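J.: For reference, this is final-v3.pdb, and it has PDB, C-alpha atoms, pLDDT in the B column.
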ATOM      1  CA  MET A   1       5.594  -2.577  16.334  1.00 87.00           C
ATOM      2  CA  PRO A   2       8.867  -1.824  18.218  1.00 89.00           C
ATOM      3  CA  LEU A   3       9.549  -5.559  18.497  1.00 92.00           C
ATOM      4  CA  ALA A   4       8.872  -6.088  14.780  1.00 91.00           C
ATOM      5  CA  VAL A   5      11.212  -3.240  13.807  1.00 92.00           C
ATOM      6  CA  ALA A   6      13.936  -4.459  16.160  1.00 94.00           C
ATOM      7  CA  ARG A   7      13.696  -8.023  14.834  1.00 94.00           C
ATOM      8  CA  ALA A   8      13.794  -6.864  11.199  1.00 92.00           C
ATOM      9  CA  LEU A   9      16.934  -4.832  11.868  1.00 94.00           C
ATOM     10  CA  ALA A  10      18.561  -7.694  13.753  1.00 95.00           C
ATOM     11  CA  ASP A  11      17.744 -10.237  11.023  1.00 93.00           C
ATOM     12  CA  ALA A  12      19.176  -7.883   8.380  1.00 90.00           C
ATOM     13  CA  ASN A  13      22.205  -7.077  10.571  1.00 95.00           C
ATOM     14  CA  LEU A  14      21.584  -3.326  10.176  1.00 95.00           C
ATOM     15  CA  ASP A  15      21.948  -0.382  12.547  1.00 95.00           C
ATOM     16  CA  VAL A  16      18.982   1.977  12.356  1.00 92.00           C
ATOM     17  CA  ARG A  17      21.208   5.009  13.035  1.00 91.00           C
ATOM     18  CA  THR A  18      23.920   4.370  10.433  1.00 93.00           C
ATOM     19  CA  ASP A  19      22.590   1.926   7.812  1.00 95.00           C
ATOM     20  CA  ILE A  20      19.088   3.249   7.041  1.00 95.00           C
ATOM     21  CA  ASP A  21      18.586   5.976   4.407  1.00 95.00           C
ATOM     22  CA  GLY A  22      14.805   6.387   4.676  1.00 95.00           C
ATOM     23  CA  ILE A  23      11.587   5.080   6.218  1.00 96.00           C
ATOM     24  CA  ALA A  24       8.770   3.693   4.026  1.00 93.00           C
ATOM     25  CA  PHE A  25       5.283   2.593   5.074  1.00 93.00           C
ATOM     26  CA  THR A  26       2.097   1.403   3.364  1.00 89.00           C
ATOM     27  CA  ARG A  27      -0.465   4.202   3.303  1.00 89.00           C
ATOM     28  CA  GLY A  28      -3.439   2.247   1.921  1.00 84.00           C
ATOM     29  CA  PRO A  29      -5.821   0.967   0.796  1.00 83.00           C
ATOM     30  CA  GLY A  30      -6.553  -1.301   3.751  1.00 78.00           C
ATOM     31  CA  ILE A  31      -8.010  -1.447   7.254  1.00 77.00           C
ATOM     32  CA  PRO A  32      -7.616   2.055   8.770  1.00 84.00           C
ATOM     33  CA  GLY A  33      -6.690   0.795  12.247  1.00 85.00           C
ATOM     34  CA  CYS A  34      -3.862  -1.414  10.966  1.00 84.00           C
ATOM     35  CA  LEU A  35      -2.589   1.229   8.563  1.00 89.00           C
ATOM     36  CA  SER A  36      -2.548   3.902  11.276  1.00 92.00           C
ATOM     37  CA  VAL A  37      -0.296   1.778  13.514  1.00 92.00           C
ATOM     38  CA  CYS A  38       2.232   1.481  10.691  1.00 90.00           C
ATOM     39  CA  ALA A  39       1.946   5.164   9.724  1.00 94.00           C
ATOM     40  CA  ASN A  40       2.421   6.377  13.307  1.00 95.00           C
ATOM     41  CA  ALA A  41       5.466   4.152  13.862  1.00 94.00           C
ATOM     42  CA  ALA A  42       7.050   5.199  10.553  1.00 95.00           C
ATOM     43  CA  THR A  43       6.386   8.896  11.184  1.00 96.00           C
ATOM     44  CA  SER A  44       7.913   8.692  14.655  1.00 95.00           C
ATOM     45  CA  LEU A  45      10.999   6.843  13.409  1.00 94.00           C
ATOM     46  CA  ALA A  46      11.535   9.260  10.528  1.00 96.00           C
ATOM     47  CA  ALA A  47      11.190  12.284  12.812  1.00 96.00           C
ATOM     48  CA  ALA A  48      13.497  10.866  15.488  1.00 95.00           C
ATOM     49  CA  LEU A  49      16.179   9.834  12.988  1.00 95.00           C
ATOM     50  CA  ARG A  50      15.662  12.826  10.663  1.00 95.00           C
ATOM     51  CA  LEU A  51      15.174  10.563   7.668  1.00 96.00           C
ATOM     52  CA  PRO A  52      12.884  11.007   4.638  1.00 97.00           C
ATOM     53  CA  LEU A  53       9.438   9.420   4.932  1.00 97.00           C
ATOM     54  CA  VAL A  54       7.977   7.595   1.895  1.00 95.00           C
ATOM     55  CA  ALA A  55       4.305   6.544   1.682  1.00 94.00           C
ATOM     56  CA  VAL A  56       3.827   3.443  -0.515  1.00 92.00           C
ATOM     57  CA  HIS A  57       0.605   2.139  -2.064  1.00 90.00           C
ATOM     58  CA  HIS A  58      -0.425  -1.050  -0.268  1.00 87.00           C
ATOM     59  CA  MET A  59      -0.971  -3.178  -3.392  1.00 88.00           C
ATOM     60  CA  GLN A  60       2.163  -1.809  -5.051  1.00 90.00           C
ATOM     61  CA  ALA A  61       4.165  -2.942  -2.014  1.00 88.00           C
ATOM     62  CA  HIS A  62       2.689  -6.454  -2.248  1.00 88.00           C
ATOM     63  CA  ALA A  63       3.353  -6.674  -5.987  1.00 91.00           C
ATOM     64  CA  LEU A  64       7.001  -5.642  -5.653  1.00 91.00           C
ATOM     65  CA  THR A  65       7.814  -7.737  -2.567  1.00 89.00           C
ATOM     66  CA  PRO A  66       9.526 -10.500  -4.649  1.00 88.00           C
ATOM     67  CA  LEU A  67      12.110  -7.948  -5.779  1.00 88.00           C
ATOM     68  CA  LEU A  68      13.203  -7.625  -2.141  1.00 83.00           C
ATOM     69  CA  THR A  69      12.689 -11.147  -0.813  1.00 83.00           C
ATOM     70  CA  SER A  70      14.056 -13.102  -3.804  1.00 81.00           C
ATOM     71  CA  PRO A  71      16.809 -10.933  -5.300  1.00 74.00           C
ATOM     72  CA  SER A  72      18.422 -13.808  -7.203  1.00 79.00           C
ATOM     73  CA  HIS A  73      15.155 -15.210  -8.600  1.00 83.00           C
ATOM     74  CA  HIS A  74      12.888 -12.181  -8.819  1.00 83.00           C
ATOM     75  CA  PRO A  75      10.549 -11.815 -11.816  1.00 88.00           C
ATOM     76  CA  GLN A  76      11.464  -9.644 -14.779  1.00 90.00           C
ATOM     77  CA  PHE A  77       9.141  -6.923 -16.033  1.00 94.00           C
ATOM     78  CA  PRO A  78       6.526  -7.358 -17.336  1.00 95.00           C
ATOM     79  CA  PHE A  79       5.147 -10.077 -15.033  1.00 93.00           C
ATOM     80  CA  LEU A  80       1.815 -11.277 -13.679  1.00 92.00           C
ATOM     81  CA  THR A  81       1.168 -11.249  -9.946  1.00 91.00           C
ATOM     82  CA  LEU A  82      -1.766 -12.584  -7.930  1.00 90.00           C
ATOM     83  CA  LEU A  83      -2.400 -10.542  -4.774  1.00 88.00           C
ATOM     84  CA  VAL A  84      -4.490 -12.377  -2.198  1.00 83.00           C
ATOM     85  CA  SER A  85      -5.044 -10.790   1.209  1.00 75.00           C
ATOM     86  CA  GLY A  86      -7.773 -10.120   3.754  1.00 73.00           C
ATOM     87  CA  GLY A  87      -9.177  -7.194   1.814  1.00 78.00           C
ATOM     88  CA  HIS A  88      -8.051  -7.752  -1.781  1.00 82.00           C
ATOM     89  CA  THR A  89      -7.992 -10.382  -4.507  1.00 87.00           C
ATOM     90  CA  LEU A  90      -6.305  -8.954  -7.601  1.00 89.00           C
ATOM     91  CA  LEU A  91      -4.606 -10.234 -10.726  1.00 91.00           C
ATOM     92  CA  LEU A  92      -2.148  -7.558 -11.885  1.00 92.00           C
ATOM     93  CA  LEU A  93       0.170  -7.049 -14.823  1.00 94.00           C
ATOM     94  CA  ALA A  94       3.265  -5.217 -13.565  1.00 94.00           C
ATOM     95  CA  THR A  95       5.108  -3.453 -16.403  1.00 95.00           C
ATOM     96  CA  SER A  96       7.486  -1.385 -14.215  1.00 94.00           C
ATOM     97  CA  PRO A  97       7.964  -0.540 -10.527  1.00 91.00           C
ATOM     98  CA  THR A  98       5.352   2.216 -10.894  1.00 91.00           C
ATOM     99  CA  ARG A  99       2.994   0.954 -13.614  1.00 94.00           C
ATOM    100  CA  PHE A 100       0.354  -1.750 -13.057  1.00 93.00           C
ATOM    101  CA  ARG A 101      -2.733  -2.913 -14.886  1.00 94.00           C
ATOM    102  CA  ILE A 102      -5.576  -4.629 -13.021  1.00 91.00           C
ATOM    103  CA  LEU A 103      -6.663  -7.647 -15.081  1.00 92.00           C
ATOM    104  CA  ALA A 104      -9.127  -9.115 -12.587  1.00 91.00           C
ATOM    105  CA  THR A 105     -10.575  -8.186  -9.218  1.00 90.00           C
ATOM    106  CA  THR A 106     -13.654  -8.857  -7.083  1.00 87.00           C
ATOM    107  CA  PRO A 107     -16.872  -6.890  -7.595  1.00 85.00           C
ATOM    108  CA  ASP A 108     -18.049  -7.996  -4.163  1.00 86.00           C
ATOM    109  CA  GLU A 109     -15.931  -9.699  -1.498  1.00 86.00           C
ATOM    110  CA  SER A 110     -12.276 -10.720  -1.223  1.00 84.00           C
ATOM    111  CA  ILE A 111     -11.320 -14.310  -0.507  1.00 83.00           C
ATOM    112  CA  GLY A 112      -9.765 -13.369   2.844  1.00 82.00           C
ATOM    113  CA  ARG A 113     -12.929 -11.724   4.094  1.00 85.00           C
ATOM    114  CA  ALA A 114     -15.063 -14.640   2.908  1.00 85.00           C
ATOM    115  CA  PHE A 115     -12.760 -17.101   4.706  1.00 84.00           C
ATOM    116  CA  ASP A 116     -12.996 -15.077   7.923  1.00 85.00           C
ATOM    117  CA  LYS A 117     -16.797 -14.947   7.808  1.00 86.00           C
ATOM    118  CA  VAL A 118     -17.245 -18.633   6.989  1.00 85.00           C
ATOM    119  CA  SER A 119     -14.787 -19.578   9.733  1.00 85.00           C
ATOM    120  CA  ARG A 120     -16.949 -17.717  12.238  1.00 85.00           C
ATOM    121  CA  LEU A 121     -20.174 -19.230  10.858  1.00 86.00           C
ATOM    122  CA  LEU A 122     -18.763 -22.730  11.398  1.00 84.00           C
ATOM    123  CA  ASN A 123     -17.399 -21.965  14.888  1.00 84.00           C
ATOM    124  CA  VAL A 124     -13.967 -23.111  13.757  1.00 84.00           C
ATOM    125  CA  PRO A 125     -11.500 -22.580  16.632  1.00 83.00           C
ATOM    126  CA  TRP A 126      -8.605 -20.340  15.647  1.00 78.00           C
ATOM    127  CA  ALA A 127      -6.176 -21.716  18.256  1.00 73.00           C
ATOM    128  CA  GLY A 128      -3.695 -18.920  17.698  1.00 73.00           C
ATOM    129  CA  ALA A 129      -3.993 -19.083  13.892  1.00 73.00           C
ATOM    130  CA  SER A 130      -5.787 -16.683  11.586  1.00 78.00           C
ATOM    131  CA  PRO A 131      -9.426 -17.464  10.662  1.00 80.00           C
ATOM    132  CA  GLY A 132      -8.329 -18.399   7.151  1.00 77.00           C
ATOM    133  CA  ALA A 133      -5.610 -20.788   8.340  1.00 81.00           C
ATOM    134  CA  ALA A 134      -8.050 -22.339  10.818  1.00 84.00           C
ATOM    135  CA  LEU A 135     -10.651 -22.848   8.061  1.00 82.00           C
ATOM    136  CA  ASP A 136      -7.972 -24.385   5.823  1.00 79.00           C
ATOM    137  CA  ALA A 137      -7.101 -26.911   8.544  1.00 82.00           C
ATOM    138  CA  PHE A 138     -10.814 -27.601   9.103  1.00 82.00           C
ATOM    139  CA  CYS A 139     -11.271 -28.396   5.401  1.00 77.00           C
ATOM    140  CA  ASP A 140      -8.327 -30.797   5.467  1.00 78.00           C
ATOM    141  CA  SER A 141      -9.572 -32.614   8.566  1.00 78.00           C
ATOM    142  CA  PRO A 142     -11.697 -35.774   8.157  1.00 74.00           C
ATOM    143  CA  GLY A 143     -15.427 -35.315   8.631  1.00 67.00           C
ATOM    144  CA  PRO A 144     -18.411 -37.667   8.806  1.00 64.00           C
ATOM    145  CA  PRO A 145     -19.524 -39.089   5.426  1.00 60.00           C
ATOM    146  CA  THR A 146     -22.181 -37.014   3.667  1.00 58.00           C
ATOM    147  CA  PRO A 147     -24.205 -38.544   0.802  1.00 54.00           C
ATOM    148  CA  ASP A 148     -23.895 -36.648  -2.480  1.00 52.00           C
ATOM    149  CA  SER A 149     -27.699 -36.431  -2.671  1.00 50.00           C
ATOM    150  CA  VAL A 150     -27.843 -34.012   0.284  1.00 56.00           C
ATOM    151  CA  LEU A 151     -25.001 -31.774  -0.849  1.00 56.00           C
ATOM    152  CA  PRO A 152     -26.160 -28.494  -2.413  1.00 62.00           C
ATOM    153  CA  PRO A 153     -24.709 -27.466  -5.788  1.00 67.00           C
ATOM    154  CA  PHE A 154     -21.438 -25.598  -5.500  1.00 64.00           C
ATOM    155  CA  PRO A 155     -21.641 -22.005  -6.844  1.00 67.00           C
ATOM    156  CA  ARG A 156     -19.072 -20.975  -9.469  1.00 74.00           C
ATOM    157  CA  PRO A 157     -19.753 -17.362 -10.465  1.00 77.00           C
ATOM    158  CA  PHE A 158     -18.148 -15.695 -13.498  1.00 80.00           C
ATOM    159  CA  ARG A 159     -17.489 -19.070 -15.113  1.00 78.00           C
ATOM    160  CA  GLY A 160     -15.021 -18.590 -17.959  1.00 80.00           C
ATOM    161  CA  GLN A 161     -14.491 -14.912 -17.093  1.00 84.00           C
ATOM    162  CA  LEU A 162     -11.415 -13.192 -15.741  1.00 85.00           C
ATOM    163  CA  ALA A 163     -12.978 -12.128 -12.446  1.00 86.00           C
ATOM    164  CA  PHE A 164     -13.213 -13.250  -8.817  1.00 85.00           C
ATOM    165  CA  SER A 165     -16.292 -13.519  -6.609  1.00 83.00           C
ATOM    166  CA  PHE A 166     -16.487 -14.925  -3.100  1.00 84.00           C
ATOM    167  CA  SER A 167     -19.618 -13.374  -1.579  1.00 85.00           C
ATOM    168  CA  SER A 168     -21.683 -16.121  -3.251  1.00 80.00           C
ATOM    169  CA  LEU A 169     -19.608 -18.783  -1.486  1.00 80.00           C
ATOM    170  CA  HIS A 170     -20.080 -17.067   1.855  1.00 82.00           C
ATOM    171  CA  SER A 171     -23.851 -16.623   1.362  1.00 85.00           C
ATOM    172  CA  HIS A 172     -24.140 -20.224   0.096  1.00 81.00           C
ATOM    173  CA  VAL A 173     -22.671 -21.510   3.353  1.00 82.00           C
ATOM    174  CA  GLU A 174     -24.974 -19.189   5.299  1.00 86.00           C
ATOM    175  CA  ARG A 175     -28.077 -20.472   3.462  1.00 84.00           C
ATOM    176  CA  TYR A 176     -27.017 -24.092   3.917  1.00 80.00           C
ATOM    177  CA  LEU A 177     -26.603 -23.634   7.670  1.00 82.00           C
ATOM    178  CA  ALA A 178     -29.976 -21.855   7.905  1.00 84.00           C
ATOM    179  CA  ALA A 179     -31.662 -24.749   6.068  1.00 82.00           C
ATOM    180  CA  ASN A 180     -29.869 -27.348   8.234  1.00 77.00           C
ATOM    181  CA  PRO A 181     -30.084 -25.926  11.762  1.00 74.00           C
ATOM    182  CA  HIS A 182     -27.857 -27.326  14.477  1.00 65.00           C
ATOM    183  CA  PRO A 183     -28.594 -27.380  18.205  1.00 58.00           C
ATOM    184  CA  PRO A 184     -27.609 -24.185  20.042  1.00 52.00           C
ATOM    185  CA  PRO A 185     -23.801 -23.999  20.183  1.00 51.00           C
ATOM    186  CA  PRO A 186     -22.217 -25.185  23.430  1.00 51.00           C
ATOM    187  CA  HIS A 187     -19.886 -23.077  25.533  1.00 43.00           C
ATOM    188  CA  PRO A 188     -17.221 -22.811  24.338  1.00 50.00           C
ATOM    189  CA  PRO A 189     -18.611 -23.305  20.789  1.00 49.00           C
ATOM    190  CA  ARG A 190     -17.442 -26.365  18.888  1.00 54.00           C
ATOM    191  CA  PRO A 191     -17.017 -26.498  15.108  1.00 56.00           C
ATOM    192  CA  ARG A 192     -19.933 -27.728  13.004  1.00 55.00           C
ATOM    193  CA  THR A 193     -18.378 -31.115  12.276  1.00 51.00           C
ATOM    194  CA  ARG A 194     -21.229 -32.337  10.053  1.00 52.00           C
ATOM    195  CA  PHE A 195     -20.698 -29.528   7.579  1.00 57.00           C
ATOM    196  CA  PRO A 196     -20.065 -31.070   4.107  1.00 52.00           C
ATOM    197  CA  ARG A 197     -16.425 -30.171   3.600  1.00 55.00           C
ATOM    198  CA  ARG A 198     -16.126 -32.099   0.339  1.00 52.00           C
ATOM    199  CA  ARG A 199     -18.453 -29.738  -1.515  1.00 49.00           C
ATOM    200  CA  PHE A 200     -17.684 -26.371   0.053  1.00 54.00           C
ATOM    201  CA  CYS A 201     -13.950 -26.501   0.620  1.00 59.00           C
ATOM    202  CA  PRO A 202     -13.003 -26.486  -3.082  1.00 50.00           C
ATOM    203  CA  ALA A 203     -13.578 -22.713  -2.789  1.00 53.00           C
ATOM    204  CA  ARG A 204      -9.917 -22.595  -1.803  1.00 54.00           C
ATOM    205  CA  GLY A 205      -9.015 -23.417  -5.391  1.00 52.00           C
ATOM    206  CA  GLN A 206     -10.959 -20.672  -7.138  1.00 51.00           C
ATOM    207  CA  ALA A 207      -8.331 -17.905  -6.853  1.00 49.00           C
ATOM    208  CA  PRO A 208      -5.380 -19.977  -8.155  1.00 49.00           C
ATOM    209  CA  SER A 209      -7.503 -21.353 -11.029  1.00 51.00           C
ATOM    210  CA  ARG A 210      -8.385 -17.954 -12.512  1.00 47.00           C
ATOM    211  CA  PRO A 211      -4.920 -17.070 -13.906  1.00 48.00           C
ATOM    212  CA  ARG A 212      -5.066 -20.240 -16.047  1.00 50.00           C
ATOM    213  CA  LEU A 213      -7.778 -18.549 -18.124  1.00 47.00           C
TER     214      LEU A 213
END
So, in terms of structure tokens, how does the structure I just supplied come out?
T.:
Amino acid sequence: MPLAVARALADANLDVRTDIDGIAFTRGPGIPGCLSVCANAATSLAAALRLPLVAVHHMQAHALTPLLTSPSHHPQFPFLTLLVSGGHTLLLLATSPTRFRILATTPDESIGRAFDKVSRLLNVPWAGASPGAALDAFCDSPGPPTPDSVLPPFPRPFRGQLAFSFSSLHSHVERYLAANPHPPPPHPPRPRTRFPRRRFCPARGQAPSRPRL
């Protein structure tokens, strides 16, 4: 965290003692361990510098990020925003900096969590990347040809509805692997190269396709 704060200040060409008016941090929802690191760092900075401390809702921070990162091309209220992260998959209508309406969410599992679990099921090496990025690269890599006759049907829950669901994709992969057992994984484990990428990897397109409804 100290390195991240120092780099952010350096990139912005700001002095923490003279150019900062307050300290903000995301308070949740999210993974408690990650949130606590941010909260502790922000609390310590605010106390040491005697600055006001502002707790921000995690999803609100994501939704409003374009207002900070793209000041010349930021969206005008009201606007739609698709929030995709490890723990959330949300389609929101933002009508002001403090007012949001959830149009679609997941009743079960977020896309990030499903990607992480499937990446582990397939023994995809992370190689310094996140599980999701590693699975994305795995899907784009060439695999052995698999006849269409042996490929299981691809699940598409909530067809035609404004909703997301990814637990079915995760469990579908799990059932396929259970029905097509591989030899015991070597050490270190290698990815399951004979996994039919062509049928399963279109799951990456489900989240972007929903807003078109």
J.: When you draw a straight line from atom CA of A:Leu93 to atom CA of A:Leu64, how long is it in Å?
T.: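 Atom-to-atom, atom CA of A:Leu93 and atom CA of A:Leu64 are spaced 11.5 Å apart.
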J.: In terms of the shortest atom-to-atom distance over all atoms listed in the file, which of A:Pro97, A:Gly160, A:Gly112, A:Gly22 is closest to A:Gly132?
T.: A:Gly112
J.: Which of these residues is nearest to A:Ser141, using all atoms listed in the file: A:Val124, A:Gln60, A:Phe77, A:Leu83?
T.: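 Closest to A:Ser141 of all the choices is A:Val124.
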J.: Given the PyMOL selection byres ((chain A and resi 58) around 7) and the file above, list the residues it selects as number ranges by chain.
T.: A: 26-29, 56-57, 59-62
J.: For the file shown, report as a list in words the outcome of the PyMOL selection byres ((chain A and resi 116) around 9) at residue level.
T.: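 Expected selection for the PyMOL selection byres ((chain A and resi 116) around 9) here is Gly86, Ile111, Gly112, Arg113, Ala114, Phe115, Lys117, Val118, Ser119, Arg120, Leu121, Ser130, Pro131, Gly132 and Leu135 of chain A.
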J.: Which residues are close to A:Val5, i.e. within 12 Å by all atoms listed in the file, leaving aside same-chain residues fewer than 4 positions away? Reply as a PyMOL selection string.
T.: chain A and resi 1+9-12+14-16+23+38+41-42+45
J.: For the file shown, report as a PDB file with C-alpha atoms, keeping the file's coordinate frame the outcome of the PyMOL selection byres ((chain A and resi 48-51) around 7) at residue level.
T.:
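Saved file part15.pdb follows:
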ATOM      1  CA  ARG A  17      21.208   5.009  13.035  1.00 91.00           C
ATOM      2  CA  ASP A  21      18.586   5.976   4.407  1.00 95.00           C
ATOM      3  CA  GLY A  22      14.805   6.387   4.676  1.00 95.00           C
ATOM      4  CA  ILE A  23      11.587   5.080   6.218  1.00 96.00           C
ATOM      5  CA  SER A  44       7.913   8.692  14.655  1.00 95.00           C
ATOM      6  CA  LEU A  45      10.999   6.843  13.409  1.00 94.00           C
ATOM      7  CA  ALA A  46      11.535   9.260  10.528  1.00 96.00           C
ATOM      8  CA  ALA A  47      11.190  12.284  12.812  1.00 96.00           C
ATOM      9  CA  PRO A  52      12.884  11.007   4.638  1.00 97.00           C
ATOM     10  CA  LEU A  53       9.438   9.420   4.932  1.00 97.00           C
TER      11      LEU A  53
END
J.: Expressed in Å to a single decimal, how great is the separation between atom CA of A:Pro66 and atom CA of A:Pro78?
T.: 13.4 Å
J.: Determine the nearest neighbour of A:Ser165 from the options A:Ile20, A:Pro107, A:Thr65, A:Leu35, counting all atoms listed in the file.
T.: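 Among the listed residues, A:Pro107 lies closest to A:Ser165.
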J.: Quick one: distance from atom CA of A:Glu174 to atom CA of A:Leu122 in Å, one decimal?
T.: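 Answer for the atom CA of A:Glu174 to atom CA of A:Leu122 separation: 9.4 Å.
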